[in-house]
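The block underneath contains the structure these notes are about, expressed in structure tokens.
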Amino acid sequence: MPLNFQPRSHSSYDPVSDVSIPRPRILPTTLSSGQRGTEYQYAFIRDGKRIGGLGFEGPDAIVEIEGRREWVFTFDLTHEQTIRSMLSFKDAFGSTDDDLTYLRDLSLGLVLAYAGRTDNDQNLRYVAMTTSEALASAGVVILDASSLVPESTLVLSEIAIPARAD
């Protein structure tokens, strides 16, 4: 069955698998490039019990597009081990989709954990990205190469959260 994550106030929830993904524990980090970033530590919860988790890091940047400032948080899913870790939960989620569809659906659950935010005074964007190389190394087949942007980068999911005027 396909995953169908939906935003909740502090998590995302898939009613088919009965799995929720709370907002992750986050820590500031310095990436291998020397750039500042964020480390994310997610938990996967079913019936109040942790059935697994996922950790990764990614860069943060403030960008301006057409006069609009946005804080962009990138989930760096470009490592083979991260992809393999995500795939290891496929049976637990009950997914029968192909691997790429499952990865897109799971990464949507990761970004949607932030969708219910109401405490942000800036425009925010969360983007889950990988590469065709990382997918190939993990044995994931890409049937539709049209979803690739330059340098074989693939956006698995993203969400924009406008600033709140509260």
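Going through the structure tokens in order, the chains are called A, B, and so on, while each chain numbers its residues from 1 and the ligands are numbered from 1 in the order shown.
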Point to revise | Spatial neighbours of stretch 33-39 of chain A, max dist 6 Å, only C-alpha atoms, sep filter under 2 positions, as a PyMOL selection string | key: chain A and resi 26-31+56-60
Generate the output file for the selected residues, N, CA and C atoms, as a compact mmCIF listing (two decimals), in the first residue's frame.
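Below you can see again18.txt, which holds the result:
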```txt
# COMPACT_ATOMS: atom_id res chain seq x y z
N ILE A 26 16.68 18.20 16.87
CA ILE A 26 17.64 18.87 15.99
C ILE A 26 18.80 19.42 16.81
N LEU A 27 19.96 19.41 16.19
CA LEU A 27 21.17 19.94 16.80
C LEU A 27 21.94 20.73 15.75
N PRO A 28 22.57 21.82 16.14
CA PRO A 28 23.43 22.52 15.17
C PRO A 28 24.66 21.65 14.91
N THR A 29 25.17 21.73 13.69
CA THR A 29 26.35 20.95 13.33
C THR A 29 27.18 21.71 12.32
N THR A 30 28.41 21.27 12.17
CA THR A 30 29.26 21.76 11.10
C THR A 30 29.42 20.62 10.11
N LEU A 31 29.04 20.86 8.88
CA LEU A 31 29.10 19.84 7.84
C LEU A 31 30.54 19.59 7.41
N PHE A 56 20.23 12.14 9.99
CA PHE A 56 20.99 12.70 8.88
C PHE A 56 21.22 14.17 9.17
N GLU A 57 21.96 14.83 8.33
CA GLU A 57 22.20 16.26 8.50
C GLU A 57 21.99 16.97 7.18
N GLY A 58 22.08 18.28 7.21
CA GLY A 58 21.94 19.05 5.99
C GLY A 58 22.20 20.51 6.22
N PRO A 59 22.50 21.23 5.14
CA PRO A 59 22.80 22.66 5.24
C PRO A 59 21.54 23.51 5.42
N ASP A 60 21.74 24.71 5.97
CA ASP A 60 20.68 25.70 6.13
C ASP A 60 21.15 26.96 5.41
```
Could you produce a table of the residues of stretch 23-81 of chain A lying within 10 Å of stretch 89-94 of chain A, with the nearest pair of atoms per residue and their separation in Å rounded to one decimal, using only C-alpha atoms, ordered by chain and increasing residue number, as CSV?
```
residue,atom,partner,partner_atom,distance
A:Phe44,CA,A:Phe89,CA,9.4
A:Arg46,CA,A:Phe93,CA,9.8
A:Ile51,CA,A:Ala92,CA,8.0
A:Gly52,CA,A:Phe89,CA,7.7
A:Gly53,CA,A:Phe89,CA,9.0
A:Leu54,CA,A:Phe89,CA,9.8
```
Export of the given selection (N, CA and C atoms) as a compact mmCIF listing (two decimals), in the first residue's frame:
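Ended up saving to out-v8.txt:
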```txt
# COMPACT_ATOMS: atom_id res chain seq x y z
N PHE A 44 10.14 7.07 14.40
CA PHE A 44 8.92 6.56 13.78
C PHE A 44 8.13 5.87 14.89
N ARG A 46 4.48 4.03 16.34
CA ARG A 46 3.20 3.35 16.09
C ARG A 46 2.65 2.91 17.45
N ILE A 51 9.17 2.47 16.59
CA ILE A 51 9.46 1.31 15.75
C ILE A 51 10.73 1.51 14.94
N GLY A 52 11.32 2.68 15.05
CA GLY A 52 12.57 2.95 14.34
C GLY A 52 12.87 4.42 14.33
N GLY A 53 13.93 4.77 13.61
CA GLY A 53 14.32 6.16 13.51
C GLY A 53 15.29 6.38 12.37
N LEU A 54 15.60 7.62 12.15
CA LEU A 54 16.48 7.98 11.04
C LEU A 54 17.22 9.26 11.42
```
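Nearest-residue note for A:Leu124: choosing from A:Thr74, A:Ser12, A:Ser17, A:Ser32, the minimum distance belongs to A:Thr74, counting only C-alpha atoms.
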Please list as a short mmCIF file (atom, residue, chain, number, x, y, z; two decimals) with N, CA and C atoms, in the first residue's frame every residue within 12 Å of A:Asp47, counting only C-alpha atoms and excluding residues in the same chain fewer than 4 positions away.
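The resulting out_9.cif:
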```cif
data_model
loop_
_atom_site.label_atom_id
_atom_site.label_comp_id
_atom_site.auth_asym_id
_atom_site.auth_seq_id
_atom_site.Cartn_x
_atom_site.Cartn_y
_atom_site.Cartn_z
N TYR A 13 1.44 12.08 9.96
CA TYR A 13 0.79 10.81 10.30
C TYR A 13 0.32 10.12 9.04
N PRO A 15 -2.27 7.29 8.02
CA PRO A 15 -3.35 6.46 8.55
C PRO A 15 -3.30 5.01 8.07
N SER A 17 -0.50 3.02 7.57
CA SER A 17 0.45 2.25 8.37
C SER A 17 0.32 2.54 9.86
N ASP A 18 -0.49 3.56 10.22
CA ASP A 18 -0.67 4.02 11.60
C ASP A 18 0.66 4.47 12.21
N VAL A 19 1.51 5.08 11.38
CA VAL A 19 2.82 5.57 11.84
C VAL A 19 2.80 7.09 11.88
N SER A 20 3.31 7.64 12.98
CA SER A 20 3.50 9.07 13.06
C SER A 20 4.99 9.37 13.11
N ILE A 21 5.33 10.53 12.57
CA ILE A 21 6.71 11.01 12.58
C ILE A 21 6.69 12.37 13.27
N ILE A 51 9.17 2.47 16.59
CA ILE A 51 9.46 1.31 15.75
C ILE A 51 10.73 1.51 14.94
#
```
Check your understanding: What's the 10 Å shell around A:His10, counting only C-alpha atoms, without same-chain residues fewer than 3 positions away, as a count of residues only?
Key -> 14
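For A:Val140, the non-local neighbours within 7 Å, defined as residues at least 3 positions apart in the same chain or in other chains and counting only C-alpha atoms, are Asp99, Leu100, Leu135 and Ala136 of chain A.
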Review point. If you count only C-alpha atoms, which residues fall within 6 Å of A:Thr131, apart from same-chain ones fewer than 6 positions away, as number ranges by chain?
Key: A: 78, 152-154
For the interface of stretch 29-110 of chain A with stretch 157-164 of chain A (cut-off 7 Å, counting only C-alpha atoms), please tabulate each contacting residue of stretch 29-110 of chain A alongside its nearest pair of atoms and their separation in Å to one decimal, rows sorted by chain and increasing number, as CSV.
```
residue,atom,partner,partner_atom,distance
A:Arg104,CA,A:Ser157,CA,6.3
A:Ser107,CA,A:Ser157,CA,6.0
A:Leu108,CA,A:Ser157,CA,5.3
```
Practice item. Tell me which protein, DNA and RNA residues are within 10 Å of A:Thr82, counting only C-alpha atoms, leaving out same-chain ones fewer than 2 positions away, and put them as a PyMOL selection string. Key: chain A and resi 54-56+76-80+84-88+130+134-135+138
Review point. Where does DSSP see strand (DSSP E) in stretch 13-118 of chain A, if you list the residues as JSON, numbers by chain?
Key: {"A": [13, 14, 19, 20, 21, 22, 25, 26, 27, 28, 29, 30, 36, 37, 38, 39, 40, 41, 42, 43, 44, 45, 46, 49, 50, 51, 52, 53, 54, 55, 56, 57, 58, 59, 60, 61, 62, 63, 64, 65, 68, 69, 70, 71, 72, 73, 74, 75, 76]}
Please produce a file of those selected residues containing N, CA and C atoms, as a compact mmCIF listing (two decimals), in the first residue's frame.
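Now in selection-v7.txt:
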```
# COMPACT_ATOMS: atom_id res chain seq x y z
N TYR A 13 1.44 12.08 9.96
CA TYR A 13 0.79 10.81 10.30
C TYR A 13 0.32 10.12 9.04
N ASP A 14 0.56 8.82 8.97
CA ASP A 14 0.08 8.00 7.86
C ASP A 14 -1.00 7.07 8.39
N VAL A 19 1.51 5.08 11.38
CA VAL A 19 2.82 5.57 11.84
C VAL A 19 2.80 7.09 11.88
N SER A 20 3.31 7.64 12.98
CA SER A 20 3.50 9.07 13.06
C SER A 20 4.99 9.37 13.11
N ILE A 21 5.33 10.53 12.57
CA ILE A 21 6.71 11.01 12.58
C ILE A 21 6.69 12.37 13.27
N PRO A 22 7.05 12.40 14.56
CA PRO A 22 7.11 13.69 15.25
C PRO A 22 8.23 14.56 14.69
N ARG A 25 14.36 15.65 16.74
CA ARG A 25 15.33 16.32 17.61
C ARG A 25 16.35 16.94 16.66
N ILE A 26 16.68 18.20 16.87
CA ILE A 26 17.64 18.87 15.99
C ILE A 26 18.80 19.42 16.81
N LEU A 27 19.96 19.41 16.19
CA LEU A 27 21.17 19.94 16.80
C LEU A 27 21.94 20.73 15.75
N PRO A 28 22.57 21.82 16.14
CA PRO A 28 23.43 22.52 15.17
C PRO A 28 24.66 21.65 14.91
N THR A 29 25.17 21.73 13.69
CA THR A 29 26.35 20.95 13.33
C THR A 29 27.18 21.71 12.32
N THR A 30 28.41 21.27 12.17
CA THR A 30 29.26 21.76 11.10
C THR A 30 29.42 20.62 10.11
N ARG A 36 27.82 25.58 8.11
CA ARG A 36 26.93 25.31 9.23
C ARG A 36 25.68 24.61 8.74
N GLY A 37 25.16 23.74 9.58
CA GLY A 37 23.96 23.01 9.20
C GLY A 37 23.21 22.51 10.42
N THR A 38 22.32 21.57 10.17
CA THR A 38 21.49 20.98 11.22
C THR A 38 21.56 19.47 11.13
N GLU A 39 21.63 18.84 12.31
CA GLU A 39 21.52 17.38 12.40
C GLU A 39 20.09 17.07 12.82
N TYR A 40 19.46 16.12 12.13
CA TYR A 40 18.07 15.73 12.39
C TYR A 40 18.05 14.30 12.91
N GLN A 41 17.28 14.08 13.98
CA GLN A 41 17.12 12.74 14.54
C GLN A 41 15.62 12.46 14.66
N TYR A 42 15.10 11.72 13.69
CA TYR A 42 13.68 11.41 13.61
C TYR A 42 13.37 10.09 14.31
N ALA A 43 12.15 9.98 14.80
CA ALA A 43 11.62 8.73 15.35
C ALA A 43 10.37 8.37 14.56
N PHE A 44 10.14 7.07 14.40
CA PHE A 44 8.92 6.56 13.78
C PHE A 44 8.13 5.87 14.89
N ILE A 45 6.87 6.30 15.08
CA ILE A 45 6.06 5.87 16.22
C ILE A 45 4.79 5.19 15.73
N ARG A 46 4.48 4.03 16.34
CA ARG A 46 3.20 3.35 16.09
C ARG A 46 2.65 2.91 17.45
N LYS A 49 4.69 3.53 20.51
CA LYS A 49 5.98 2.87 20.64
C LYS A 49 6.87 3.21 19.45
N ARG A 50 8.14 3.40 19.74
CA ARG A 50 9.12 3.70 18.69
C ARG A 50 9.41 2.43 17.90
N ILE A 51 9.17 2.47 16.59
CA ILE A 51 9.46 1.31 15.75
C ILE A 51 10.73 1.51 14.94
N GLY A 52 11.32 2.68 15.05
CA GLY A 52 12.57 2.95 14.34
C GLY A 52 12.87 4.42 14.33
N GLY A 53 13.93 4.77 13.61
CA GLY A 53 14.32 6.16 13.51
C GLY A 53 15.29 6.38 12.37
N LEU A 54 15.60 7.62 12.15
CA LEU A 54 16.48 7.98 11.04
C LEU A 54 17.22 9.26 11.42
N GLY A 55 18.52 9.26 11.18
CA GLY A 55 19.32 10.44 11.43
C GLY A 55 20.11 10.85 10.20
N PHE A 56 20.23 12.14 9.99
CA PHE A 56 20.99 12.70 8.88
C PHE A 56 21.22 14.17 9.17
N GLU A 57 21.96 14.83 8.33
CA GLU A 57 22.20 16.26 8.50
C GLU A 57 21.99 16.97 7.18
N GLY A 58 22.08 18.28 7.21
CA GLY A 58 21.94 19.05 5.99
C GLY A 58 22.20 20.51 6.22
N PRO A 59 22.50 21.23 5.14
CA PRO A 59 22.80 22.66 5.24
C PRO A 59 21.54 23.51 5.42
N ASP A 60 21.74 24.71 5.97
CA ASP A 60 20.68 25.70 6.13
C ASP A 60 21.15 26.96 5.41
N ALA A 61 20.24 27.66 4.80
CA ALA A 61 20.61 28.91 4.12
C ALA A 61 19.42 29.84 4.06
N ILE A 62 19.70 31.13 4.12
CA ILE A 62 18.66 32.13 3.87
C ILE A 62 18.81 32.55 2.43
N VAL A 63 17.73 32.43 1.66
CA VAL A 63 17.76 32.80 0.25
C VAL A 63 16.71 33.89 0.01
N GLU A 64 16.93 34.63 -1.05
CA GLU A 64 15.97 35.64 -1.44
C GLU A 64 15.57 35.38 -2.89
N ILE A 65 14.28 35.18 -3.09
CA ILE A 65 13.74 34.93 -4.42
C ILE A 65 12.63 35.92 -4.67
N ARG A 68 11.60 38.02 -1.75
CA ARG A 68 11.03 37.30 -0.61
C ARG A 68 12.11 36.44 0.04
N ARG A 69 12.37 36.70 1.33
CA ARG A 69 13.38 35.93 2.07
C ARG A 69 12.77 34.65 2.61
N GLU A 70 13.59 33.60 2.55
CA GLU A 70 13.13 32.29 3.01
C GLU A 70 14.30 31.55 3.64
N TRP A 71 14.07 30.91 4.77
CA TRP A 71 15.08 30.10 5.42
C TRP A 71 14.88 28.68 4.89
N VAL A 72 15.89 28.14 4.19
CA VAL A 72 15.79 26.83 3.56
C VAL A 72 16.61 25.81 4.35
N PHE A 73 15.94 24.75 4.75
CA PHE A 73 16.58 23.64 5.45
C PHE A 73 16.59 22.45 4.50
N THR A 74 17.79 22.00 4.14
CA THR A 74 17.92 20.89 3.19
C THR A 74 18.24 19.61 3.94
N PHE A 75 17.46 18.58 3.69
CA PHE A 75 17.70 17.25 4.25
C PHE A 75 18.61 16.53 3.26
N ASP A 76 19.85 16.31 3.66
CA ASP A 76 20.85 15.68 2.80
C ASP A 76 20.70 14.16 2.86
```
Review point. DSSP says helix (DSSP H, G or I) for which residues of stretch 25-135 of chain A? Put them as a ChimeraX atom specification?
Key: /A:80-87,90-93,99-112,132-135
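Between atom CA of A:Asn4 and atom CA of A:Asn123 lies a distance of 25.1 Å.
Among the candidate residues A:Val141, A:Pro2, A:Arg8, A:Val111, the one lying nearest to A:Thr96 is A:Pro2, with distances computed using only C-alpha atoms.
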